[in-house]
$ cat query19.tsv   # TSV, C-alpha atoms
chain	number	residue	atom	x	y	z
A	1	MET	CA	20.84	239.25	1.47
A	2	ALA	CA	22.57	241.69	3.84
A	3	MET	CA	21.95	239.39	6.80
A	4	SER	CA	23.82	236.55	5.08
A	5	TYR	CA	26.86	238.82	4.85
A	6	PHE	CA	26.63	239.52	8.58
A	7	LEU	CA	26.54	235.78	9.28
A	8	LEU	CA	29.50	235.09	7.00
A	9	PHE	CA	31.41	238.05	8.46
A	10	TYR	CA	31.09	236.67	11.99
A	11	PHE	CA	32.17	233.25	10.73
A	12	VAL	CA	35.36	234.70	9.27
A	13	ILE	CA	36.25	237.32	11.90
A	14	TYR	CA	36.07	234.74	14.69
A	15	MET	CA	38.46	232.53	12.75
A	16	GLY	CA	41.02	235.21	13.53
A	17	ASN	CA	40.04	235.10	17.19
A	18	ALA	CA	40.68	231.34	17.22
A	19	ILE	CA	44.12	231.78	15.66
A	20	TYR	CA	45.64	234.43	17.90
A	21	GLY	CA	43.54	233.76	21.02
A	22	THR	CA	44.37	230.06	21.17
A	23	TYR	CA	47.84	229.83	19.67
A	24	LEU	CA	49.60	233.09	20.51
A	25	PRO	CA	50.39	231.87	24.06
A	26	VAL	CA	51.69	228.63	22.52
A	27	TYR	CA	53.91	230.66	20.18
A	28	PHE	CA	55.33	232.64	23.09
A	29	GLN	CA	56.00	229.38	24.93
A	30	SER	CA	57.70	227.92	21.84
A	31	ILE	CA	60.22	230.78	21.71
A	32	GLY	CA	61.14	230.30	25.38
A	33	ALA	CA	58.98	232.87	27.20
A	34	THR	CA	58.39	232.18	30.92
A	35	PRO	CA	54.87	232.16	32.45
A	36	THR	CA	55.54	235.64	33.89
A	37	GLN	CA	56.65	236.92	30.48
A	38	ILE	CA	53.64	235.32	28.77
A	39	GLY	CA	51.36	236.89	31.38
A	40	ALA	CA	53.00	240.28	30.85
A	41	LEU	CA	52.79	240.03	27.06
A	42	LEU	CA	49.13	239.09	27.15
A	43	SER	CA	48.21	241.68	29.78
A	44	VAL	CA	49.93	244.74	28.32
A	45	GLY	CA	47.70	244.45	25.25
A	46	PRO	CA	44.50	244.67	27.30
A	47	PHE	CA	46.06	247.63	29.15
A	48	VAL	CA	46.28	249.38	25.78
A	49	ALA	CA	42.70	248.28	25.13
A	50	VAL	CA	41.56	250.12	28.26
A	51	LEU	CA	42.81	253.31	26.60
A	52	ALA	CA	41.80	252.41	23.04
A	53	GLN	CA	38.24	251.15	23.60
A	54	PRO	CA	36.75	254.51	24.72
A	55	LEU	CA	38.58	256.22	21.86
A	56	TRP	CA	37.22	253.89	19.16
A	57	GLY	CA	33.76	253.95	20.74
A	58	ALA	CA	33.66	257.74	20.63
A	59	VAL	CA	35.01	257.77	17.07
A	60	GLY	CA	32.37	255.23	16.03
A	61	ASP	CA	29.52	257.25	17.55
A	62	ARG	CA	30.70	260.44	15.87
A	63	ALA	CA	31.85	259.05	12.50
A	64	LYS	CA	29.80	259.43	9.35
A	65	THR	CA	29.59	255.62	9.28
A	66	LYS	CA	30.65	253.06	11.87
A	67	ASN	CA	31.60	250.78	8.96
A	68	ALA	CA	34.57	252.96	8.02
A	69	VAL	CA	35.92	252.88	11.58
A	70	LEU	CA	35.56	249.09	11.74
A	71	GLY	CA	37.40	248.86	8.43
A	72	TRP	CA	40.38	250.76	9.86
A	73	LEU	CA	40.43	248.46	12.88
A	74	ILE	CA	40.50	245.36	10.66
A	75	VAL	CA	43.28	246.75	8.44
A	76	GLY	CA	45.32	247.90	11.43
A	77	SER	CA	45.14	244.57	13.29
A	78	GLY	CA	45.94	242.60	10.13
A	79	ALA	CA	48.99	244.76	9.43
A	80	MET	CA	50.29	244.87	13.01
A	81	ILE	CA	50.25	241.10	13.50
A	82	LEU	CA	52.73	240.72	10.63
A	83	LEU	CA	55.34	242.51	12.77
A	84	PHE	CA	55.57	239.64	15.31
A	85	PRO	CA	57.97	237.33	13.42
A	86	PHE	CA	60.72	239.96	13.04
A	87	SER	CA	62.15	239.48	16.54
A	88	GLU	CA	61.82	237.24	19.60
A	89	ALA	CA	63.13	239.92	21.99
A	90	PHE	CA	60.76	240.44	24.90
A	91	LEU	CA	60.68	244.26	24.68
A	92	TYR	CA	60.06	244.13	20.92
A	93	LEU	CA	57.16	241.71	21.39
A	94	LEU	CA	55.79	243.94	24.14
A	95	VAL	CA	55.62	246.89	21.72
A	96	VAL	CA	54.06	244.84	18.92
A	97	VAL	CA	51.40	243.43	21.26
A	98	CYS	CA	50.47	247.02	22.14
A	99	LEU	CA	50.22	248.05	18.49
A	100	PHE	CA	48.21	244.98	17.56
A	101	THR	CA	45.82	245.31	20.51
A	102	PHE	CA	45.22	249.01	19.86
A	103	PHE	CA	43.33	247.99	16.72
A	104	GLN	CA	42.18	244.46	17.48
A	105	THR	CA	40.24	244.69	20.76
A	106	SER	CA	37.52	247.03	19.50
A	107	ILE	CA	36.70	244.97	16.41
A	108	PHE	CA	34.10	242.77	18.09
A	109	ALA	CA	32.45	245.59	20.06
A	110	LEU	CA	32.02	247.72	16.94
A	111	SER	CA	30.89	244.71	14.90
A	112	ASP	CA	28.21	244.00	17.52
A	113	ALA	CA	27.12	247.65	17.56
A	114	ILE	CA	26.70	247.72	13.76
A	115	THR	CA	24.93	244.35	13.66
A	116	LEU	CA	22.52	245.03	16.53
A	117	GLU	CA	21.55	248.44	15.14
A	118	GLU	CA	20.87	246.97	11.71
A	119	LEU	CA	18.86	244.12	13.22
A	120	GLU	CA	16.47	246.66	14.77
A	121	LYS	CA	15.31	247.36	11.21
A	122	HIS	CA	14.74	243.65	10.46
A	123	LYS	CA	12.63	242.08	13.19
A	124	ARG	CA	12.65	238.61	11.56
A	125	TRP	CA	16.34	238.25	12.40
A	126	SER	CA	17.93	237.98	15.83
A	127	PHE	CA	21.47	238.42	17.05
A	128	GLY	CA	21.96	234.88	18.40
A	129	PRO	CA	21.82	232.99	15.08
A	130	ILE	CA	24.08	235.56	13.42
A	131	ARG	CA	26.61	235.37	16.26
A	132	LEU	CA	26.43	231.59	15.81
A	133	GLY	CA	28.47	232.14	12.66
A	134	GLY	CA	31.32	233.24	14.91
A	135	THR	CA	31.03	230.06	16.96
A	136	PHE	CA	31.33	227.87	13.87
A	137	GLY	CA	34.20	229.97	12.51
A	138	PHE	CA	36.07	229.69	15.80
A	139	ALA	CA	35.50	225.93	15.92
A	140	VAL	CA	36.59	225.31	12.32
A	141	MET	CA	39.77	227.34	12.64
A	142	SER	CA	40.64	225.96	16.09
A	143	ILE	CA	40.92	222.41	14.77
A	144	THR	CA	42.26	223.37	11.33
A	145	PHE	CA	45.06	225.52	12.67
A	146	GLY	CA	45.70	222.99	15.42
A	147	TRP	CA	47.09	220.63	12.79
A	148	ILE	CA	49.18	223.42	11.27
A	149	ALA	CA	50.45	224.67	14.65
A	150	LYS	CA	51.76	221.23	15.51
A	151	ASP	CA	54.74	221.81	13.18
A	152	HIS	CA	54.41	225.42	12.02
A	153	ILE	CA	53.22	227.62	14.89
A	154	GLY	CA	54.71	230.72	13.22
A	155	TYR	CA	52.14	230.52	10.41
A	156	LEU	CA	49.56	231.97	12.78
A	157	PHE	CA	50.52	235.55	11.86
A	158	TYR	CA	50.01	235.09	8.12
A	159	ALA	CA	46.81	233.11	8.63
A	160	TYR	CA	45.38	235.89	10.81
A	161	ALA	CA	46.30	238.59	8.26
A	162	LEU	CA	44.55	236.60	5.52
A	163	VAL	CA	41.44	236.27	7.67
A	164	MET	CA	41.39	240.03	8.20
A	165	LEU	CA	41.62	240.62	4.44
A	166	VAL	CA	38.58	238.41	3.82
A	167	SER	CA	36.73	240.15	6.67
A	168	LEU	CA	37.39	243.53	5.08
A	169	MET	CA	35.94	242.30	1.78
A	170	LEU	CA	32.78	241.13	3.55
A	171	LEU	CA	32.46	244.41	5.47
A	172	ALA	CA	32.25	246.22	2.14
A	173	LYS	CA	28.90	244.44	1.57
A	174	PHE	CA	27.37	245.74	4.83
A	175	PRO	CA	24.67	248.45	4.78
A	176	LYS	CA	26.02	251.74	6.12
A	177	VAL	CA	25.33	252.41	9.80
A	178	SER	CA	25.74	256.03	10.87
A	179	GLY	CA	27.24	257.38	14.06
A	180	TYR	CA	24.27	259.08	15.72
A	181	GLN	CA	26.40	261.87	17.18
A	182	SER	CA	27.71	262.80	13.73
A	183	ALA	CA	24.66	265.07	13.36
A	184	GLY	CA	25.77	267.18	16.32
A	185	ASN	CA	23.81	265.73	19.26
A	186	LYS	CA	26.71	265.16	21.67
A	187	MET	CA	26.43	262.88	24.69
A	188	GLN	CA	29.21	261.78	27.04
A	189	VAL	CA	29.86	258.14	27.89
A	190	TRP	CA	29.59	258.93	31.63
A	191	VAL	CA	25.80	258.97	31.17
A	192	LEU	CA	25.96	255.17	31.13
A	193	PHE	CA	27.07	255.06	34.78
A	194	LYS	CA	23.76	256.56	35.91
A	195	ASN	CA	22.08	253.25	35.11
A	196	ARG	CA	22.57	251.33	38.38
A	197	LYS	CA	21.44	247.97	37.02
A	198	LEU	CA	23.77	248.26	34.06
A	199	VAL	CA	26.70	249.11	36.34
A	200	THR	CA	25.86	246.17	38.64
A	201	TYR	CA	25.68	243.70	35.76
A	202	LEU	CA	28.90	245.07	34.24
A	203	ALA	CA	30.68	244.65	37.59
A	204	ILE	CA	29.62	241.01	38.01
A	205	ASN	CA	30.48	240.33	34.40
A	206	LEU	CA	33.92	241.89	34.94
A	207	VAL	CA	34.78	239.62	37.86
A	208	LEU	CA	33.75	236.49	35.97
A	209	GLN	CA	35.63	237.67	32.90
A	210	ILE	CA	38.80	238.04	35.00
A	211	THR	CA	38.72	234.28	35.56
A	212	MET	CA	38.12	233.86	31.83
A	213	GLY	CA	41.08	236.14	31.16
A	214	TYR	CA	43.31	233.77	33.10
A	215	TYR	CA	41.82	230.82	31.21
A	216	TYR	CA	42.46	232.32	27.78
A	217	THR	CA	46.06	233.18	28.65
A	218	PHE	CA	47.16	230.09	30.51
A	219	PHE	CA	44.87	227.22	29.57
A	220	PRO	CA	46.79	226.44	26.34
A	221	VAL	CA	50.04	226.29	28.34
A	222	TYR	CA	48.44	224.38	31.24
A	223	TYR	CA	46.87	221.90	28.82
A	224	LYS	CA	50.14	221.21	27.03
A	225	GLU	CA	51.89	220.68	30.36
A	226	MET	CA	49.11	218.22	31.20
A	227	GLY	CA	50.07	216.21	28.11
A	228	GLY	CA	47.73	217.57	25.44
A	229	ASP	CA	49.33	218.45	22.07
A	230	SER	CA	48.25	221.20	19.65
A	231	VAL	CA	45.77	218.92	17.90
A	232	LEU	CA	44.08	217.95	21.18
A	233	LEU	CA	44.12	221.61	22.20
A	234	GLY	CA	42.35	222.43	18.95
A	235	TRP	CA	39.69	219.81	19.67
A	236	SER	CA	39.17	221.21	23.16
A	237	MET	CA	38.51	224.61	21.61
A	238	VAL	CA	36.12	223.05	19.09
A	239	ILE	CA	34.11	221.50	21.92
A	240	SER	CA	34.01	224.81	23.80
A	241	SER	CA	32.89	226.61	20.63
A	242	LEU	CA	30.15	224.15	19.70
A	243	SER	CA	28.83	224.26	23.27
A	244	GLU	CA	27.71	227.83	22.50
A	245	ILE	CA	25.17	226.71	19.89
A	246	PRO	CA	22.14	225.99	22.14
A	247	PHE	CA	22.29	229.39	23.84
A	248	LEU	CA	22.83	231.30	20.60
A	249	LEU	CA	19.82	229.65	18.96
A	250	PHE	CA	17.53	230.80	21.76
A	251	ALA	CA	19.32	233.93	23.03
A	252	SER	CA	16.52	236.34	22.09
A	253	LYS	CA	13.82	234.23	23.76
A	254	ILE	CA	15.97	233.73	26.86
A	255	MET	CA	16.59	237.45	27.18
A	256	LYS	CA	12.85	238.13	27.05
A	257	ARG	CA	11.86	235.48	29.60
A	258	VAL	CA	14.77	235.15	32.04
A	259	ARG	CA	16.07	237.82	34.42
A	260	MET	CA	19.62	239.04	33.92
A	261	THR	CA	20.45	238.07	37.51
A	262	HIS	CA	19.39	234.47	36.83
A	263	ILE	CA	21.47	234.36	33.65
A	264	LEU	CA	24.51	235.67	35.53
A	265	LEU	CA	23.93	233.17	38.34
A	266	LEU	CA	23.96	230.27	35.89
A	267	SER	CA	27.21	231.52	34.35
A	268	SER	CA	28.79	231.89	37.79
A	269	LEU	CA	27.92	228.34	38.81
A	270	ALA	CA	29.18	226.95	35.49
A	271	ALA	CA	32.46	228.85	35.87
A	272	MET	CA	32.88	227.60	39.43
A	273	ALA	CA	32.40	223.99	38.31
A	274	ARG	CA	34.74	224.37	35.34
A	275	TRP	CA	37.67	225.87	37.23
A	276	PHE	CA	37.41	223.33	40.05
A	277	ILE	CA	37.34	220.43	37.58
A	278	PHE	CA	40.39	221.83	35.76
A	279	SER	CA	42.30	221.82	39.04
A	280	PHE	CA	41.29	218.27	40.01
A	281	THR	CA	42.35	216.31	36.91
A	282	ASP	CA	45.72	215.43	35.37
A	283	ASN	CA	44.27	213.72	32.31
A	284	PRO	CA	43.94	215.95	29.19
A	285	TYR	CA	41.11	213.75	27.89
A	286	TRP	CA	38.99	214.38	30.99
A	287	VAL	CA	39.24	218.10	30.30
A	288	LEU	CA	37.45	217.73	26.94
A	289	PRO	CA	33.91	217.12	28.28
A	290	THR	CA	34.47	219.90	30.83
A	291	GLN	CA	34.81	222.31	27.91
A	292	LEU	CA	31.06	221.94	27.36
A	293	LEU	CA	30.62	224.31	30.31
A	294	HIS	CA	32.08	227.06	28.14
A	295	GLY	CA	28.68	227.39	26.49
A	296	LEU	CA	27.23	228.57	29.78
A	297	ILE	CA	29.95	231.10	30.55
A	298	PHE	CA	31.70	233.20	27.90
A	299	ILE	CA	29.04	233.31	25.20
A	300	VAL	CA	26.24	233.85	27.73
A	301	LEU	CA	28.08	236.73	29.39
A	302	THR	CA	29.13	238.28	26.08
A	303	VAL	CA	25.89	238.07	24.12
A	304	THR	CA	23.50	238.93	26.95
A	305	MET	CA	25.52	242.02	27.89
A	306	ALA	CA	25.73	243.12	24.24
A	307	MET	CA	21.96	242.74	23.83
A	308	TYR	CA	21.20	244.35	27.19
A	309	ILE	CA	23.40	247.35	26.37
A	310	ASN	CA	21.75	247.74	22.97
A	311	GLN	CA	18.34	247.81	24.71
A	312	GLU	CA	19.23	250.09	27.62
A	313	VAL	CA	21.75	252.57	26.19
A	314	PRO	CA	20.71	255.80	24.38
A	315	LYS	CA	21.17	255.56	20.61
A	316	GLU	CA	23.85	258.30	20.72
A	317	LEU	CA	26.02	255.97	22.84
A	318	LYS	CA	25.43	252.59	21.19
A	319	ALA	CA	29.04	252.17	20.04
A	320	SER	CA	30.44	253.65	23.26
A	321	GLY	CA	28.29	251.29	25.32
A	322	GLN	CA	29.59	248.26	23.44
A	323	THR	CA	33.20	249.42	23.63
A	324	LEU	CA	32.82	250.11	27.36
A	325	ASN	CA	31.73	246.51	27.76
A	326	GLY	CA	34.70	245.46	25.62
A	327	LEU	CA	37.01	247.66	27.70
A	328	LEU	CA	36.01	245.76	30.82
A	329	ASN	CA	35.89	242.27	29.29
A	330	LEU	CA	38.81	242.43	26.86
A	331	GLY	CA	40.75	245.12	28.67
A	332	LEU	CA	40.63	245.30	32.43
A	333	ALA	CA	39.61	241.65	32.91
A	334	ARG	CA	42.42	240.38	30.68
A	335	ILE	CA	44.96	242.63	32.41
A	336	ILE	CA	44.14	241.23	35.82
A	337	GLY	CA	43.70	237.66	34.59
A	338	SER	CA	46.90	237.62	32.54
A	339	PHE	CA	49.31	239.82	34.49
A	340	LEU	CA	48.46	238.86	38.06
A	341	GLY	CA	47.72	235.33	36.89
A	342	GLY	CA	51.25	235.05	35.53
A	343	TYR	CA	52.81	235.97	38.85
A	344	ALA	CA	50.40	233.73	40.76
A	345	SER	CA	51.14	230.83	38.41
A	346	GLU	CA	54.87	231.06	39.06
A	347	ALA	CA	54.39	231.47	42.81
A	348	TYR	CA	51.68	228.85	43.42
A	349	GLY	CA	51.24	226.92	40.16
A	350	MET	CA	48.49	227.08	37.56
A	351	ARG	CA	46.46	224.38	39.28
A	352	SER	CA	46.19	226.47	42.45
A	353	VAL	CA	45.15	229.55	40.46
A	354	PHE	CA	42.30	227.59	38.88
A	355	VAL	CA	41.18	226.59	42.40
A	356	PHE	CA	41.24	230.25	43.41
A	357	ASN	CA	39.22	231.18	40.32
A	358	GLY	CA	36.65	228.58	41.31
A	359	TRP	CA	36.17	230.31	44.66
A	360	VAL	CA	35.94	233.70	42.91
A	361	ALA	CA	33.10	232.37	40.74
A	362	ALA	CA	31.41	230.96	43.85
A	363	ALA	CA	31.60	234.41	45.46
A	364	CYS	CA	29.97	235.91	42.36
A	365	ALA	CA	27.14	233.38	42.62
A	366	ALA	CA	26.59	234.30	46.27
A	367	ALA	CA	26.58	238.04	45.43
A	368	ILE	CA	24.01	237.49	42.67
A	369	VAL	CA	21.71	235.61	45.05
A	370	ILE	CA	21.88	238.55	47.50
A	371	ILE	CA	21.17	241.05	44.71
A	372	SER	CA	18.23	238.95	43.45
A	373	LEU	CA	16.70	238.79	46.93
A	374	ARG	CA	17.01	242.57	47.33
A	375	GLN	CA	15.41	243.16	43.94
A	376	ALA	CA	12.56	240.82	44.86
A	377	ARG	CA	11.97	242.70	48.14
A	378	SER	CA	11.99	246.04	46.30
A	379	GLU	CA	9.44	244.79	43.78
A	380	GLN	CA	7.21	243.46	46.57
A	381	ALA	CA	7.38	246.82	48.34
A	382	LEU	CA	6.34	248.62	45.17
A	383	ASP	CA	3.42	246.25	44.62
A	384	ALA	CA	2.21	246.60	48.23

$ encode --input "query19.tsv" --output "structure tokens"
Amino acid sequence: MAMSYFLLFYFVIYMGNAIYGTYLPVYFQSIGATPTQIGALLSVGPFVAVLAQPLWGAVGDRAKTKNAVLGWLIVGSGAMILLFPFSEAFLYLLVVVCLFTFFQTSIFALSDAITLEELEKHKRWSFGPIRLGGTFGFAVMSITFGWIAKDHIGYLFYAYALVMLVSLMLLAKFPKVSGYQSAGNKMQVWVLFKNRKLVTYLAINLVLQITMGYYYTFFPVYYKEMGGDSVLLGWSMVISSLSEIPFLLFASKIMKRVRMTHILLLSSLAAMARWFIFSFTDNPYWVLPTQLLHGLIFIVLTVTMAMYINQEVPKELKASGQTLNGLLNLGLARIIGSFLGGYASEAYGMRSVFVFNGWVAAACAAAIVIISLRQARSEQALDA
């Protein structure tokens, strides 16, 4: 029964991700924000996340239960988002984004830490199918709120707060997961950096996530400039969400049989193709099938790294390991993708930035090939 609550929780919590992640840039555009201002607003939050993620990770590892910490994050993000409608002043919005992000960005990392630790006690279940609930929740809310946003974009704040309330109610049904350092066995997060493979995979993931950071910030704006309305934008997000299903169904088997370097290579090539295609078309309808490539990029990078960290990291640093990954993916990557992407968009145009991102993904693919060849040589030397 507990596993069904995990599935439903992911379904609901990712509804919130669809609301603010997809439509917050559209809201900023609707109140007259420039691309540079939108980039700044959506990058200052991740900057706060860089500071907040290690804090919440440490608190989660040392708390009596990780559930209580996650509860505070859900309440805080739901309350902070209700501050947005009070003013359209840029500095005010900048402050509110910081407050909101302080709570919001660690929700998914801590949710993954709790879920993965509980799943270790129930071998019949795997993380992929449970995380699939988030994919369906994101897809349902993307299209549902797309219709609402067409005429009432400001409703996004109240819809998100309601989603957080339901998430909190579902969290109350979770089994309690303790922070392993609460018993007194202290371990610093810097221990993680001694794992060279983990650091290498995190670095590659970071670079690819920077291009995703630009996508999440500017694709809604770029798509609307291309001629797509909020409803079509919602459908594009539905397609990208549903494209995650095949990987999530087989994530555990893939992780056991396929090298991490090969998984990262596939994601790099898919990202390269996606960004180049975005830059080559002016037709919003041609973008829709391209969104299928999303299922080989974001979800693959996110889930494989979460599972790899859960396998490789000492139990005393489970939450810290997940929040470190979140710090890089939802913090540093979004800062670079949003902030620098905003300036680059104004200077060169969004189309040119997507071309640049395509070359960045190609460079990642080349780096992965080099790393794979070196690993193969090392293994051959050990076998000799």

$ closest_residue --input "query19.tsv" --among "A:Tyr222, A:Ile254, A:Tyr10, A:Leu296" --to "Ile130 (chain A)" --atoms "only C-alpha atoms"
A:Tyr10

$ closest_residue --input "query19.tsv" --among "A:Asn325, A:Ser372, A:Thr281, A:Ser87" --to "His262 (chain A)" --atoms "all atoms listed in the file"
A:Ser372

$ closest_residue --input "query19.tsv" --among "A:Leu327, A:Leu242, A:Leu8, A:Val355" --to "Gly45 (chain A)" --atoms "all atoms listed in the file"
A:Leu327

$ closest_residue --input "query19.tsv" --among "A:Thr304, A:Ser240, A:Ser230, A:Thr211" --to "Trp359 (chain A)" --atoms "only C-alpha atoms"
A:Thr211

$ closest_residue --input "query19.tsv" --among "A:Leu332, A:Gly133, A:Ile297, A:Gln291" --to "Ser4 (chain A)" --atoms "all atoms listed in the file"
A:Gly133

$ atom_distance --input "query19.tsv" --atom1 "CA of Met15 (chain A)" --atom2 "CA of Gly137 (chain A)"
5.0 Å

$ residues_around --input "query19.tsv" --residues "Arg274 (chain A)" --least-positions-apart "3" --cutoff "9 Å" --atoms "all atoms listed in the file" --output "ChimeraX atom specification"
/A:269-271,277-279,290-291,293-294,354,358

$ atom_distance --input "query19.tsv" --atom1 "CA of Ile210 (chain A)" --atom2 "CA of Gly337 (chain A)"
4.9 Å

$ closest_residue --input "query19.tsv" --among "A:Leu7, A:Leu162, A:Leu41, A:Val97" --to "Gly78 (chain A)" --atoms "only C-alpha atoms"
A:Leu162

$ residues_around --input "query19.tsv" --residues "Asp229 (chain A)" --least-positions-apart "2" --cutoff "12 Å" --atoms "all atoms listed in the file" --output "MDAnalysis selection string"
chainID A and resid 23 26 143 146:151 220:227 231:236 284:285

$ atom_distance --input "query19.tsv" --atom1 "CA of Gly321 (chain A)" --atom2 "CA of Phe11 (chain A)"
23.5 Å

$ residues_around --input "query19.tsv" --residues "Glu88 (chain A)" --least-positions-apart "2" --cutoff "10 Å" --atoms "all atoms listed in the file" --output "list in words"
Phe28, Ile31, Gly32, Ala33, Phe84, Pro85, Phe86, Phe90, Leu91, Tyr92 and Leu93 of chain A

$ residues_around --input "query19.tsv" --residues "Ala366 (chain A)" --least-positions-apart "4" --cutoff "10 Å" --atoms "all atoms listed in the file" --output "list in words"
Leu265, Ser268, Leu269, Val360, Ala361, Ala362, Ile370, Ile371 and Ser372 of chain A

$ axis_aligned_box --input "query19.tsv" --around "region 290-306 of chain A" --padding-each-side "3 Å" --output "AutoDock Vina command-line options"
--center_x 29.2 --center_y 231.5 --center_z 27.5 --size_x 17.3 --size_y 29.2 --size_z 12.7

$ residues_around --input "query19.tsv" --residues "region 98-103 of chain A" --least-positions-apart "3" --cutoff "6 Å" --atoms "only C-alpha atoms" --output "PyMOL selection string"
chain A and resi 45+49+52+73+76-77+80-81+95

$ write_last_selection --input "query19.tsv" --atoms "C-alpha atoms" --output "short mmCIF file (atom, residue, chain, number, x, y, z; two decimals), in the frame of the given file"
data_model
loop_
_atom_site.label_atom_id
_atom_site.label_comp_id
_atom_site.auth_asym_id
_atom_site.auth_seq_id
_atom_site.Cartn_x
_atom_site.Cartn_y
_atom_site.Cartn_z
CA GLY A 45 47.70 244.45 25.25
CA ALA A 49 42.70 248.28 25.13
CA ALA A 52 41.80 252.41 23.04
CA LEU A 73 40.43 248.46 12.88
CA GLY A 76 45.32 247.90 11.43
CA SER A 77 45.14 244.57 13.29
CA MET A 80 50.29 244.87 13.01
CA ILE A 81 50.25 241.10 13.50
CA VAL A 95 55.62 246.89 21.72
#

$ residues_near_point --input "query19.tsv" --point "(52.4, 230.4, 16.5)" --cutoff "6 Å" --atoms "only C-alpha atoms" --output "list in words"
Tyr23, Leu24, Tyr27, Ile153, Gly154 and Leu156 of chain A

$ closest_atom_pairs --input "query19.tsv" --of "region 26-144 of chain A" --to "region 342-350 of chain A" --cutoff "7 Å" --atoms "only C-alpha atoms" --output "tab-separated table"
residue	atom	partner	partner_atom	distance
A:Pro35	CA	A:Gly342	CA	5.6
A:Thr36	CA	A:Gly342	CA	4.6
A:Gly39	CA	A:Gly342	CA	4.5

$ build_atoms --input "query19.tsv" --residues "region 53-65 of chain A" --atoms "N, CA, C and O atoms" --output "compact mmCIF listing (two decimals), in the coordinates of the input"
# COMPACT_ATOMS: atom_id res chain seq x y z
N GLN A 53 39.67 251.42 23.75
CA GLN A 53 38.24 251.15 23.60
C GLN A 53 37.38 252.41 23.68
O GLN A 53 36.52 252.63 22.81
N PRO A 54 37.56 253.28 24.70
CA PRO A 54 36.75 254.51 24.72
C PRO A 54 36.99 255.39 23.50
O PRO A 54 36.06 256.04 22.99
N LEU A 55 38.25 255.42 23.04
CA LEU A 55 38.58 256.22 21.86
C LEU A 55 37.82 255.74 20.63
O LEU A 55 37.14 256.52 19.95
N TRP A 56 37.89 254.43 20.35
CA TRP A 56 37.22 253.89 19.16
C TRP A 56 35.71 253.95 19.31
O TRP A 56 35.00 254.15 18.32
N GLY A 57 35.20 253.82 20.53
CA GLY A 57 33.76 253.95 20.74
C GLY A 57 33.28 255.36 20.42
O GLY A 57 32.26 255.54 19.74
N ALA A 58 34.02 256.34 20.90
CA ALA A 58 33.66 257.74 20.63
C ALA A 58 33.77 258.06 19.14
O ALA A 58 32.91 258.73 18.56
N VAL A 59 34.83 257.55 18.51
CA VAL A 59 35.01 257.77 17.07
C VAL A 59 33.86 257.13 16.30
O VAL A 59 33.32 257.72 15.35
N GLY A 60 33.47 255.92 16.70
CA GLY A 60 32.37 255.23 16.03
C GLY A 60 31.05 255.97 16.16
O GLY A 60 30.28 256.07 15.19
N ASP A 61 30.77 256.51 17.34
CA ASP A 61 29.52 257.25 17.55
C ASP A 61 29.48 258.57 16.79
O ASP A 61 28.41 259.07 16.47
N ARG A 62 30.65 259.13 16.51
CA ARG A 62 30.70 260.44 15.87
C ARG A 62 31.08 260.38 14.39
O ARG A 62 31.06 261.40 13.69
N ALA A 63 31.44 259.19 13.90
CA ALA A 63 31.85 259.05 12.50
C ALA A 63 30.63 259.11 11.58
O ALA A 63 29.50 258.86 12.00
N LYS A 64 30.88 259.42 10.34
CA LYS A 64 29.80 259.43 9.35
C LYS A 64 29.19 258.03 9.24
O LYS A 64 27.98 257.87 9.15
N THR A 65 30.06 257.01 9.22
CA THR A 65 29.59 255.62 9.28
C THR A 65 30.49 254.83 10.23
O THR A 65 31.71 255.03 10.24
